[in-house]
$ cat work.cif   # mmCIF, C-alpha atoms and all ligand atoms
data_final
loop_
_atom_site.label_atom_id
_atom_site.label_comp_id
_atom_site.auth_asym_id
_atom_site.auth_seq_id
_atom_site.Cartn_x
_atom_site.Cartn_y
_atom_site.Cartn_z
CA MET M 1 18.00 -18.41 -8.82
CA THR M 2 15.75 -15.98 -10.70
CA SER M 3 15.22 -12.39 -9.62
CA SER M 4 11.55 -13.08 -8.88
CA THR M 5 12.60 -15.92 -6.55
CA ASP M 6 14.94 -13.48 -4.82
CA ALA M 7 12.14 -10.97 -4.38
CA SER M 8 9.72 -13.62 -3.18
CA GLU M 9 12.15 -14.96 -0.59
CA SER M 10 13.28 -11.59 0.73
CA PHE M 11 9.75 -10.20 1.09
CA GLN M 12 8.26 -12.97 3.23
CA ILE M 13 6.91 -11.95 6.65
CA PRO M 14 5.78 -14.13 9.58
CA ILE M 15 2.12 -15.09 9.80
CA GLU M 16 1.82 -13.12 13.07
CA ALA M 17 2.80 -9.93 11.22
CA ALA M 18 0.21 -10.62 8.52
CA GLU M 19 -2.48 -11.26 11.15
CA PHE M 20 -1.54 -7.98 12.89
CA TYR M 21 -1.70 -6.17 9.54
CA GLU M 22 -5.26 -7.48 9.04
CA SER M 23 -6.51 -6.85 12.60
CA ALA M 24 -4.83 -3.47 13.25
CA PHE M 25 -3.66 -1.70 10.09
CA VAL M 26 -6.47 -2.69 7.70
CA PRO M 27 -9.29 -1.22 9.83
CA ALA M 28 -7.20 1.77 10.96
CA PHE M 29 -5.86 2.76 7.57
CA PHE M 30 -6.01 0.51 4.47
CA ALA M 31 -9.77 -0.28 4.41
CA GLN M 32 -10.85 3.32 3.78
CA TRP M 33 -9.11 3.44 0.38
CA ALA M 34 -10.60 0.28 -1.13
CA PRO M 35 -14.06 1.74 -1.96
CA ILE M 36 -12.39 4.89 -3.36
CA LEU M 37 -10.19 2.80 -5.68
CA CYS M 38 -13.03 0.47 -6.75
CA GLU M 39 -15.37 3.40 -7.45
CA ALA M 40 -12.71 5.32 -9.39
CA ALA M 41 -12.02 2.21 -11.49
CA GLY M 42 -15.73 1.59 -12.12
CA VAL M 43 -15.76 -1.92 -10.63
CA ALA M 44 -19.27 -3.26 -11.31
CA SER M 45 -21.41 -6.37 -11.37
CA GLY M 46 -20.19 -9.12 -13.68
CA GLN M 47 -16.60 -7.90 -14.09
CA THR M 48 -13.41 -9.92 -13.77
CA VAL M 49 -11.04 -8.06 -11.42
CA LEU M 50 -7.40 -8.57 -10.43
CA ASP M 51 -6.08 -7.02 -7.17
CA VAL M 52 -2.27 -6.89 -7.47
CA ALA M 53 -0.22 -6.80 -4.24
CA CYS M 54 -3.45 -7.60 -2.44
CA GLY M 55 -1.91 -8.05 1.03
CA THR M 56 -4.60 -9.59 3.23
CA GLY M 57 -7.15 -8.74 0.56
CA ILE M 58 -9.16 -5.66 1.50
CA VAL M 59 -9.43 -4.41 -2.10
CA ALA M 60 -10.24 -7.88 -3.49
CA ARG M 61 -12.95 -8.32 -0.83
CA THR M 62 -14.45 -4.90 -1.64
CA ALA M 63 -14.39 -5.70 -5.36
CA ALA M 64 -15.91 -9.16 -4.78
CA ASP M 65 -18.96 -7.56 -3.16
CA LEU M 66 -19.35 -5.26 -6.19
CA VAL M 67 -18.95 -7.86 -8.99
CA GLU M 68 -21.38 -10.44 -7.61
CA PRO M 69 -23.27 -12.50 -8.62
CA ASP M 70 -21.50 -13.29 -11.92
CA GLY M 71 -18.13 -11.56 -11.61
CA ARG M 72 -14.81 -13.03 -10.52
CA VAL M 73 -11.98 -11.61 -8.41
CA VAL M 74 -8.37 -12.77 -8.11
CA GLY M 75 -6.01 -11.43 -5.43
CA LEU M 76 -2.27 -11.75 -6.03
CA ASP M 77 0.60 -11.06 -3.62
CA LEU M 78 4.28 -11.93 -3.27
CA ASN M 79 3.84 -12.77 0.37
CA GLU M 80 2.48 -16.18 1.40
CA ALA M 81 1.63 -15.06 4.96
CA MET M 82 -0.56 -12.23 3.64
CA LEU M 83 -2.32 -14.76 1.39
CA THR M 84 -2.82 -17.21 4.26
CA VAL M 85 -4.74 -14.52 6.14
CA ALA M 86 -6.62 -13.52 2.97
CA ARG M 87 -7.73 -17.16 2.46
CA ARG M 88 -8.83 -17.45 6.08
CA VAL M 89 -10.93 -14.26 5.92
CA ARG M 90 -12.52 -14.86 2.48
CA PRO M 91 -11.92 -18.43 1.29
CA GLU M 92 -14.13 -18.17 -1.81
CA ILE M 93 -11.88 -15.60 -3.52
CA ASP M 94 -9.10 -16.92 -5.77
CA TRP M 95 -5.81 -16.00 -4.01
CA ARG M 96 -2.53 -16.48 -5.90
CA GLN M 97 1.12 -16.12 -4.97
CA GLY M 98 3.09 -14.16 -7.57
CA ASP M 99 5.32 -11.22 -8.44
CA VAL M 100 4.09 -8.09 -10.24
CA ALA M 101 7.31 -8.26 -12.25
CA GLU M 102 5.89 -11.29 -14.09
CA LEU M 103 2.17 -11.70 -13.52
CA PRO M 104 1.09 -15.34 -13.94
CA PHE M 105 -1.80 -14.55 -16.29
CA PRO M 106 -2.16 -14.38 -20.08
CA ASP M 107 -2.64 -11.05 -21.88
CA ASP M 108 -6.20 -9.62 -21.81
CA SER M 109 -7.34 -11.58 -18.72
CA PHE M 110 -9.24 -9.01 -16.61
CA ASP M 111 -11.77 -6.19 -17.09
CA THR M 112 -10.19 -4.23 -14.23
CA VAL M 113 -6.73 -4.39 -12.64
CA LEU M 114 -6.29 -2.69 -9.26
CA CYS M 115 -3.19 -1.93 -7.21
CA GLN M 116 -3.48 -0.21 -3.82
CA MET M 117 -0.60 1.08 -1.65
CA ALA M 118 2.11 -1.04 -3.24
CA LEU M 119 3.63 0.58 -6.36
CA MET M 120 6.26 2.33 -4.21
CA PHE M 121 7.66 -1.05 -3.12
CA PHE M 122 8.20 -2.41 -6.64
CA PRO M 123 11.85 -2.26 -7.77
CA ASP M 124 10.95 -1.75 -11.47
CA ARG M 125 7.82 0.38 -11.47
CA ALA M 126 7.71 0.94 -15.24
CA ASN M 127 7.73 -2.82 -15.85
CA ALA M 128 5.15 -3.33 -13.08
CA VAL M 129 2.69 -0.89 -14.68
CA GLN M 130 3.26 -2.55 -18.06
CA GLU M 131 2.37 -5.88 -16.47
CA LEU M 132 -0.83 -4.38 -14.98
CA GLY M 133 -1.74 -3.17 -18.48
CA ARG M 134 -0.78 -6.41 -20.22
CA VAL M 135 -3.24 -8.51 -18.20
CA ALA M 136 -6.06 -5.94 -18.58
CA SER M 137 -8.41 -6.55 -21.50
CA ALA M 138 -8.59 -4.12 -24.43
CA GLY M 139 -10.83 -1.27 -23.25
CA GLY M 140 -10.41 -2.45 -19.66
CA SER M 141 -9.17 -0.36 -16.72
CA VAL M 142 -6.01 -0.17 -14.65
CA ALA M 143 -6.27 1.79 -11.39
CA VAL M 144 -3.42 2.59 -9.04
CA LEU M 145 -3.61 4.22 -5.60
CA VAL M 146 -0.49 5.48 -3.77
CA PRO M 147 0.27 7.96 -0.99
CA SER M 148 0.84 11.53 -2.21
CA ARG M 149 4.19 13.29 -1.79
CA LEU M 150 5.57 13.71 1.71
CA ASP M 151 5.20 17.49 1.52
CA ALA M 152 1.43 17.02 1.03
CA GLN M 153 1.14 15.09 4.33
CA ALA M 154 0.25 17.51 7.15
CA ALA M 155 1.39 15.20 9.98
CA PHE M 156 3.98 12.93 8.35
CA ALA M 157 5.99 15.79 6.79
CA PRO M 158 6.83 17.50 10.11
CA PHE M 159 7.33 14.12 11.83
CA VAL M 160 9.86 12.91 9.21
CA ALA M 161 11.62 16.32 9.23
CA MET M 162 11.89 16.16 13.04
CA ALA M 163 13.24 12.57 12.95
CA ALA M 164 15.76 13.53 10.26
CA GLY M 165 16.84 16.47 12.41
CA HIS M 166 17.81 13.99 15.14
CA ALA M 167 18.93 11.00 13.08
CA GLY M 168 20.33 12.56 9.89
CA PRO M 169 19.36 12.47 6.21
CA GLU M 170 19.22 8.66 6.14
CA ALA M 171 16.14 8.89 8.36
CA MET M 172 14.51 11.11 5.75
CA SER M 173 14.94 8.49 3.02
CA LEU M 174 14.04 5.51 5.24
CA LEU M 175 10.86 7.17 6.54
CA SER M 176 9.89 8.49 3.09
CA THR M 177 9.54 5.15 1.26
CA TYR M 178 5.75 5.31 1.33
CA PHE M 179 5.75 8.66 -0.44
CA VAL M 180 8.21 8.09 -3.30
CA CYS M 181 5.48 7.66 -5.96
CA GLY M 182 3.57 10.63 -4.62
CA ASP M 183 3.94 13.09 -7.51
CA LEU M 184 0.68 12.90 -9.47
CA ASP M 185 2.20 14.10 -12.76
CA GLU M 186 5.03 11.55 -12.51
CA LEU M 187 2.53 8.80 -11.73
CA SER M 188 0.38 9.77 -14.73
CA SER M 189 3.51 9.79 -16.95
CA LEU M 190 4.51 6.36 -15.67
CA VAL M 191 1.06 5.04 -16.56
CA SER M 192 0.94 6.62 -20.02
CA GLY M 193 4.54 5.50 -20.61
CA ALA M 194 3.25 1.94 -20.25
CA GLY M 195 0.95 2.51 -23.24
CA LEU M 196 -2.19 3.18 -21.18
CA GLN M 197 -4.51 6.17 -21.59
CA VAL M 198 -5.02 8.11 -18.39
CA ALA M 199 -8.77 8.60 -17.90
CA THR M 200 -8.86 10.28 -14.48
CA SER M 201 -6.32 11.34 -11.88
CA GLY M 202 -6.79 13.04 -8.55
CA SER M 203 -6.12 13.22 -4.82
CA HIS M 204 -8.17 12.09 -1.83
CA VAL M 205 -7.62 12.98 1.81
CA GLY M 206 -8.29 10.22 4.35
CA THR M 207 -7.18 9.58 7.91
CA TYR M 208 -4.19 7.76 9.36
CA ARG M 209 -5.14 6.44 12.81
CA ALA M 210 -2.85 5.13 15.54
CA PRO M 211 -3.81 4.23 19.14
CA SER M 212 -1.31 6.77 20.55
CA ILE M 213 1.65 8.97 19.59
CA ASP M 214 3.98 6.30 21.01
CA ALA M 215 2.32 3.65 18.84
CA PHE M 216 2.66 5.94 15.79
CA VAL M 217 6.40 6.35 16.39
CA THR M 218 6.90 2.62 17.07
CA THR M 219 5.19 1.72 13.78
CA GLU M 220 6.97 4.31 11.68
CA VAL M 221 10.49 3.80 13.09
CA GLU M 222 10.50 0.09 13.92
CA SER M 223 8.97 -1.05 10.62
CA THR M 224 12.05 0.36 8.85
CA PRO M 225 15.80 -0.34 9.36
CA LEU M 226 16.07 3.08 11.04
CA ARG M 227 15.71 1.69 14.56
CA GLN M 228 18.83 -0.48 14.11
CA ARG M 229 20.82 2.52 12.86
CA ILE M 230 20.14 4.98 15.68
CA SER M 231 21.15 4.93 19.34
CA ASP M 232 18.65 4.54 22.17
CA ALA M 233 19.29 8.19 23.08
CA VAL M 234 18.41 9.44 19.58
CA TYR M 235 15.31 7.22 19.52
CA GLN M 236 14.20 8.67 22.86
CA ARG M 237 14.63 12.22 21.53
CA ILE M 238 12.51 11.35 18.48
CA ARG M 239 9.85 9.74 20.72
CA GLY M 240 9.79 12.78 23.01
CA GLU M 241 9.57 15.43 20.29
CA ALA M 242 6.90 13.43 18.43
CA HIS M 243 4.49 14.61 21.14
CA ASP M 244 5.07 18.25 20.07
CA VAL M 245 4.86 17.51 16.33
CA LEU M 246 1.85 15.18 16.45
CA GLY M 247 0.02 16.94 19.32
CA PRO M 248 -2.24 18.87 16.87
CA PHE M 249 -3.35 15.55 15.36
CA THR M 250 -4.30 13.91 18.66
CA ALA M 251 -7.88 13.20 19.75
CA PRO M 252 -9.05 13.68 23.38
CA ASP M 253 -8.46 9.94 24.08
CA GLY M 254 -4.80 10.28 23.04
CA SER M 255 -5.16 8.50 19.70
CA VAL M 256 -3.62 9.97 16.56
CA GLU M 257 -5.96 11.02 13.75
CA ALA M 258 -3.79 12.50 11.05
CA PRO M 259 -4.86 13.61 7.58
CA PHE M 260 -3.31 11.43 4.89
CA GLU M 261 -3.47 12.19 1.16
CA CYS M 262 -3.39 9.61 -1.61
CA ASN M 263 -3.33 9.88 -5.41
CA VAL M 264 -5.46 7.71 -7.69
CA VAL M 265 -4.82 7.28 -11.40
CA VAL M 266 -7.27 5.35 -13.58
CA ALA M 267 -6.26 4.41 -17.13
CA ARG M 268 -7.81 2.55 -20.03
CA ARG M 269 -6.03 0.00 -22.15
C1 LIG M 301 1.28 -1.99 2.16
S1 LIG M 301 0.83 -3.56 1.54
C2 LIG M 301 -0.71 -3.16 0.69
C3 LIG M 301 -1.59 -4.38 0.60
C4 LIG M 301 -3.00 -4.15 0.09
N1 LIG M 301 -3.00 -3.70 -1.29
C5 LIG M 301 -3.77 -3.22 0.98
O1 LIG M 301 -4.15 -2.12 0.55
O2 LIG M 301 -3.97 -3.57 2.17
C6 LIG M 301 1.94 -3.85 0.19
C7 LIG M 301 1.84 -5.26 -0.38
O3 LIG M 301 2.65 -5.34 -1.55
C8 LIG M 301 3.11 -6.67 -1.65
N2 LIG M 301 4.21 -6.70 -2.62
C9 LIG M 301 5.40 -6.08 -2.52
N3 LIG M 301 6.15 -6.33 -3.61
C10 LIG M 301 5.42 -7.12 -4.43
C11 LIG M 301 5.64 -7.70 -5.70
N4 LIG M 301 6.82 -7.51 -6.35
N5 LIG M 301 4.67 -8.43 -6.28
C12 LIG M 301 3.48 -8.63 -5.62
N6 LIG M 301 3.22 -8.10 -4.39
C13 LIG M 301 4.17 -7.36 -3.80
C14 LIG M 301 3.51 -6.99 -0.22
O4 LIG M 301 3.66 -8.38 0.01
C15 LIG M 301 2.36 -6.36 0.55
O5 LIG M 301 1.32 -7.29 0.80
#
$ encode --input "work.cif" --output "structure tokens" --more "lines below"
Ligand SMILES: C[S@@+](CC[C@H](N)C(=O)[O-])C[C@H]1O[C@@H](n2cnc3c(N)ncnc32)[C@H](O)[C@@H]1O
Amino acid sequence: MTSSTDASESFQIPIEAAEFYESAFVPAFFAQWAPILCEAAGVASGQTVLDVACGTGIVARTAADLVEPDGRVVGLDLNEAMLTVARRVRPEIDWRQGDVAELPFPDDSFDTVLCQMALMFFPDRANAVQELGRVASAGGSVAVLVPSRLDAQAAFAPFVAMAAGHAGPEAMSLLSTYFVCGDLDELSSLVSGAGLQVATSGSHVGTYRAPSIDAFVTTEVESTPLRQRISDAVYQRIRGEAHDVLGPFTAPDGSVEAPFECNVVVARR
């Protein structure tokens, strides 16, 4: 069995989870970044664009609207369920199953290669960025968007610190996965280390929305192995104290509206 088969098999999620991602998390969080990434990368009419780790396809859909009428967009993801939803929502886009570790395209295939909110999940990030560059055409663009460091996140930083105070340092690492590529200088070095020329780099502040503080905690704790590793009593303490920590980020209707910072690096091949 190859390593990419291992990755493909271990990363599969049920279709219900992919549908929930599209109906809940895309509008609440992921959709806002797609126009920022496409604009930073200069996606324009007539281009060929690859969206790597496309999920249910919000970036590919945004790019498709920008490249029409003569452009072409391909969305690629490891996860078949994500692609099933992507195909249902926008059947005319070319959706492909594949691993960033070995992109199934020849060298020089795309004017622009985009990757939103996924680099932190790749086991070999240096190889992944090289692959993004390999399939970009000479003079083409590679643009990557990731969450900034945890200490730049006004709501997540105190929440993770509080959870780690109750559940120990393991909670810190389990709840910090999203932020591990968050240092802008390190991200720029990773990109230039792949032989690409960094054209622009910068930060953008958006909003992380959740229907309630309880929903925020459920998503953050239960989407990681942390829930299985803590007792009910510890989980209840985290849930209770979350109301103090996240109170300042709560709207009058009880929903959470927390600032969330992301970094964007655009490079030329
Ligand atoms: C948080 S989602 C982001 C999806 C999408 N870019 C968006 O902004 O909505 C991360 C995605 O990375 C994909 N992914 C993780 N590892 C991958 C890999 N090695 N190759 C391709 N896709 C991968 C997952 O299947 C998932 O759809």
$ closest_atom_pairs --input "work.cif" --of "chain M" --to "ligand LIG 301 (chain M)" --cutoff "7 Å" --atoms "only C-alpha atoms and all ligand atoms" --output "tab-separated table"
residue	atom	partner	partner_atom	distance
M:Ala7	CA	M:LIG301	N4	6.6
M:Phe11	CA	M:LIG301	O4	6.4
M:Val26	CA	M:LIG301	O2	6.1
M:Phe30	CA	M:LIG301	O1	5.1
M:Val52	CA	M:LIG301	C12	6.3
M:Ala53	CA	M:LIG301	N6	3.7
M:Cys54	CA	M:LIG301	N1	4.1
M:Gly55	CA	M:LIG301	O5	3.3
M:Thr56	CA	M:LIG301	O2	6.1
M:Gly57	CA	M:LIG301	C4	6.2
M:Ile58	CA	M:LIG301	O2	5.6
M:Val59	CA	M:LIG301	O1	6.3
M:Leu76	CA	M:LIG301	C12	6.6
M:Asp77	CA	M:LIG301	N6	4.0
M:Leu78	CA	M:LIG301	N6	4.1
M:Asn79	CA	M:LIG301	O4	4.4
M:Met82	CA	M:LIG301	O5	6.0
M:Gly98	CA	M:LIG301	C12	5.9
M:Asp99	CA	M:LIG301	N5	3.6
M:Val100	CA	M:LIG301	N5	4.0
M:Ala101	CA	M:LIG301	N4	6.0
M:Cys115	CA	M:LIG301	N1	6.2
M:Gln116	CA	M:LIG301	N1	4.3
M:Met117	CA	M:LIG301	C2	4.8
M:Ala118	CA	M:LIG301	C6	4.4
M:Phe121	CA	M:LIG301	N3	5.5
M:Phe122	CA	M:LIG301	N4	5.3
$ closest_residue --input "work.cif" --among "M:Asp151, M:Glu131, M:Asp51, M:Asp214" --to "Arg96 (chain M)" --atoms "only C-alpha atoms"
M:Asp51
$ atom_distance --input "work.cif" --atom1 "CA of Val85 (chain M)" --atom2 "CA of Arg209 (chain M)"
22.0 Å
$ residues_around --input "work.cif" --residues "Thr177 (chain M)" --least-positions-apart "3" --cutoff "12 Å" --atoms "all atoms listed in the file" --output "ChimeraX atom specification"
/M:117-123,146-150,156,160,170-174,180-182,220-221,223-226
$ atom_distance --input "work.cif" --atom1 "CA of Glu68 (chain M)" --atom2 "CA of Ile93 (chain M)"
11.6 Å
$ residues_around --input "work.cif" --residues "Val198 (chain M)" --least-positions-apart "5" --cutoff "12 Å" --atoms "all atoms listed in the file" --output "PyMOL selection string"
chain M and resi 41+133+140-144+184-185+187-193+264-269
$ write_last_selection --input "work.cif" --atoms "C-alpha atoms" --output "PDB file, keeping the file's coordinate frame"
ATOM      1  CA  ALA M  41     -12.020   2.210 -11.490  1.00  0.00           C
ATOM      2  CA  GLY M 133      -1.740  -3.170 -18.480  1.00  0.00           C
ATOM      3  CA  GLY M 140     -10.410  -2.450 -19.660  1.00  0.00           C
ATOM      4  CA  SER M 141      -9.170  -0.360 -16.720  1.00  0.00           C
ATOM      5  CA  VAL M 142      -6.010  -0.170 -14.650  1.00  0.00           C
ATOM      6  CA  ALA M 143      -6.270   1.790 -11.390  1.00  0.00           C
ATOM      7  CA  VAL M 144      -3.420   2.590  -9.040  1.00  0.00           C
ATOM      8  CA  LEU M 184       0.680  12.900  -9.470  1.00  0.00           C
ATOM      9  CA  ASP M 185       2.200  14.100 -12.760  1.00  0.00           C
ATOM     10  CA  LEU M 187       2.530   8.800 -11.730  1.00  0.00           C
ATOM     11  CA  SER M 188       0.380   9.770 -14.730  1.00  0.00           C
ATOM     12  CA  SER M 189       3.510   9.790 -16.950  1.00  0.00           C
ATOM     13  CA  LEU M 190       4.510   6.360 -15.670  1.00  0.00           C
ATOM     14  CA  VAL M 191       1.060   5.040 -16.560  1.00  0.00           C
ATOM     15  CA  SER M 192       0.940   6.620 -20.020  1.00  0.00           C
ATOM     16  CA  GLY M 193       4.540   5.500 -20.610  1.00  0.00           C
ATOM     17  CA  VAL M 264      -5.460   7.710  -7.690  1.00  0.00           C
ATOM     18  CA  VAL M 265      -4.820   7.280 -11.400  1.00  0.00           C
ATOM     19  CA  VAL M 266      -7.270   5.350 -13.580  1.00  0.00           C
ATOM     20  CA  ALA M 267      -6.260   4.410 -17.130  1.00  0.00           C
ATOM     21  CA  ARG M 268      -7.810   2.550 -20.030  1.00  0.00           C
ATOM     22  CA  ARG M 269      -6.030   0.000 -22.150  1.00  0.00           C
TER      23      ARG M 269
END
$ atom_distance --input "work.cif" --atom1 "CA of Asp111 (chain M)" --atom2 "CA of Ala136 (chain M)"
5.9 Å
$ closest_residue --input "work.cif" --among "M:Asp232, M:Gly247, M:Asn127, M:Thr207" --to "Ala28 (chain M)" --atoms "all atoms listed in the file"
M:Thr207
$ closest_residue --input "work.cif" --among "M:Gly75, M:Gly195, M:Pro27, M:Pro69" --to "Asp94 (chain M)" --atoms "only C-alpha atoms"
M:Gly75
$ closest_residue --input "work.cif" --among "M:Pro211, M:Asp183, M:Val217, M:Gln97" --to "Gly240 (chain M)" --atoms "all atoms listed in the file"
M:Val217
$ closest_residue --input "work.cif" --among "M:Ala81, M:Leu103, M:Ala167, M:Val256" --to "Phe216 (chain M)" --atoms "only C-alpha atoms"
M:Val256
$ build_atoms --input "work.cif" --residues "region 152-161 of chain M" --atoms "all heavy atoms" --output "JSON list (two decimals), in the coordinates of the input"
[["chain", "number", "residue", "atom", "x", "y", "z"],
["M", 152, "ALA", "N", 2.88, 16.83, 1.00],
["M", 152, "ALA", "CA", 1.43, 17.02, 1.03],
["M", 152, "ALA", "C", 0.82, 16.43, 2.31],
["M", 152, "ALA", "O", -0.39, 16.50, 2.50],
["M", 152, "ALA", "CB", 0.79, 16.36, -0.18],
["M", 153, "GLN", "N", 1.65, 15.82, 3.15],
["M", 153, "GLN", "CA", 1.14, 15.09, 4.33],
["M", 153, "GLN", "C", 1.31, 15.97, 5.57],
["M", 153, "GLN", "O", 2.43, 16.16, 6.06],
["M", 153, "GLN", "CB", 1.91, 13.77, 4.51],
["M", 153, "GLN", "CG", 1.99, 12.91, 3.26],
["M", 153, "GLN", "CD", 0.62, 12.39, 2.77],
["M", 153, "GLN", "OE1", -0.40, 12.57, 3.42],
["M", 153, "GLN", "NE2", 0.63, 11.75, 1.59],
["M", 154, "ALA", "N", 0.18, 16.50, 6.08],
["M", 154, "ALA", "CA", 0.25, 17.51, 7.15],
["M", 154, "ALA", "C", 0.91, 17.01, 8.42],
["M", 154, "ALA", "O", 1.56, 17.79, 9.12],
["M", 154, "ALA", "CB", -1.17, 18.00, 7.46],
["M", 155, "ALA", "N", 0.79, 15.73, 8.74],
["M", 155, "ALA", "CA", 1.39, 15.20, 9.98],
["M", 155, "ALA", "C", 2.72, 14.49, 9.70],
["M", 155, "ALA", "O", 3.68, 14.63, 10.46],
["M", 155, "ALA", "CB", 0.42, 14.24, 10.65],
["M", 156, "PHE", "N", 2.76, 13.70, 8.62],
["M", 156, "PHE", "CA", 3.98, 12.93, 8.35],
["M", 156, "PHE", "C", 5.14, 13.84, 7.96],
["M", 156, "PHE", "O", 6.29, 13.56, 8.32],
["M", 156, "PHE", "CB", 3.74, 11.88, 7.25],
["M", 156, "PHE", "CG", 3.12, 10.62, 7.78],
["M", 156, "PHE", "CD1", 1.77, 10.56, 8.07],
["M", 156, "PHE", "CD2", 3.89, 9.49, 8.02],
["M", 156, "PHE", "CE1", 1.19, 9.41, 8.58],
["M", 156, "PHE", "CE2", 3.32, 8.34, 8.54],
["M", 156, "PHE", "CZ", 1.97, 8.29, 8.82],
["M", 157, "ALA", "N", 4.88, 14.93, 7.23],
["M", 157, "ALA", "CA", 5.99, 15.79, 6.79],
["M", 157, "ALA", "C", 6.75, 16.36, 7.99],
["M", 157, "ALA", "O", 7.98, 16.21, 8.07],
["M", 157, "ALA", "CB", 5.49, 16.89, 5.86],
["M", 158, "PRO", "N", 6.07, 16.98, 8.96],
["M", 158, "PRO", "CA", 6.83, 17.50, 10.11],
["M", 158, "PRO", "C", 7.43, 16.39, 10.97],
["M", 158, "PRO", "O", 8.51, 16.55, 11.55],
["M", 158, "PRO", "CB", 5.82, 18.34, 10.89],
["M", 158, "PRO", "CG", 4.48, 17.91, 10.41],
["M", 158, "PRO", "CD", 4.65, 17.43, 9.01],
["M", 159, "PHE", "N", 6.76, 15.23, 11.04],
["M", 159, "PHE", "CA", 7.33, 14.12, 11.83],
["M", 159, "PHE", "C", 8.64, 13.63, 11.20],
["M", 159, "PHE", "O", 9.65, 13.46, 11.91],
["M", 159, "PHE", "CB", 6.34, 12.96, 11.94],
["M", 159, "PHE", "CG", 6.95, 11.74, 12.57],
["M", 159, "PHE", "CD1", 7.22, 11.71, 13.94],
["M", 159, "PHE", "CD2", 7.32, 10.65, 11.80],
["M", 159, "PHE", "CE1", 7.83, 10.61, 14.53],
["M", 159, "PHE", "CE2", 7.94, 9.54, 12.37],
["M", 159, "PHE", "CZ", 8.19, 9.52, 13.74],
["M", 160, "VAL", "N", 8.65, 13.41, 9.88],
["M", 160, "VAL", "CA", 9.86, 12.91, 9.21],
["M", 160, "VAL", "C", 10.96, 13.97, 9.30],
["M", 160, "VAL", "O", 12.13, 13.64, 9.54],
["M", 160, "VAL", "CB", 9.55, 12.51, 7.75],
["M", 160, "VAL", "CG1", 10.83, 12.17, 7.00],
["M", 160, "VAL", "CG2", 8.59, 11.32, 7.73],
["M", 161, "ALA", "N", 10.60, 15.25, 9.13],
["M", 161, "ALA", "CA", 11.62, 16.32, 9.23],
["M", 161, "ALA", "C", 12.22, 16.34, 10.63],
["M", 161, "ALA", "O", 13.45, 16.48, 10.79],
["M", 161, "ALA", "CB", 10.99, 17.66, 8.90]]
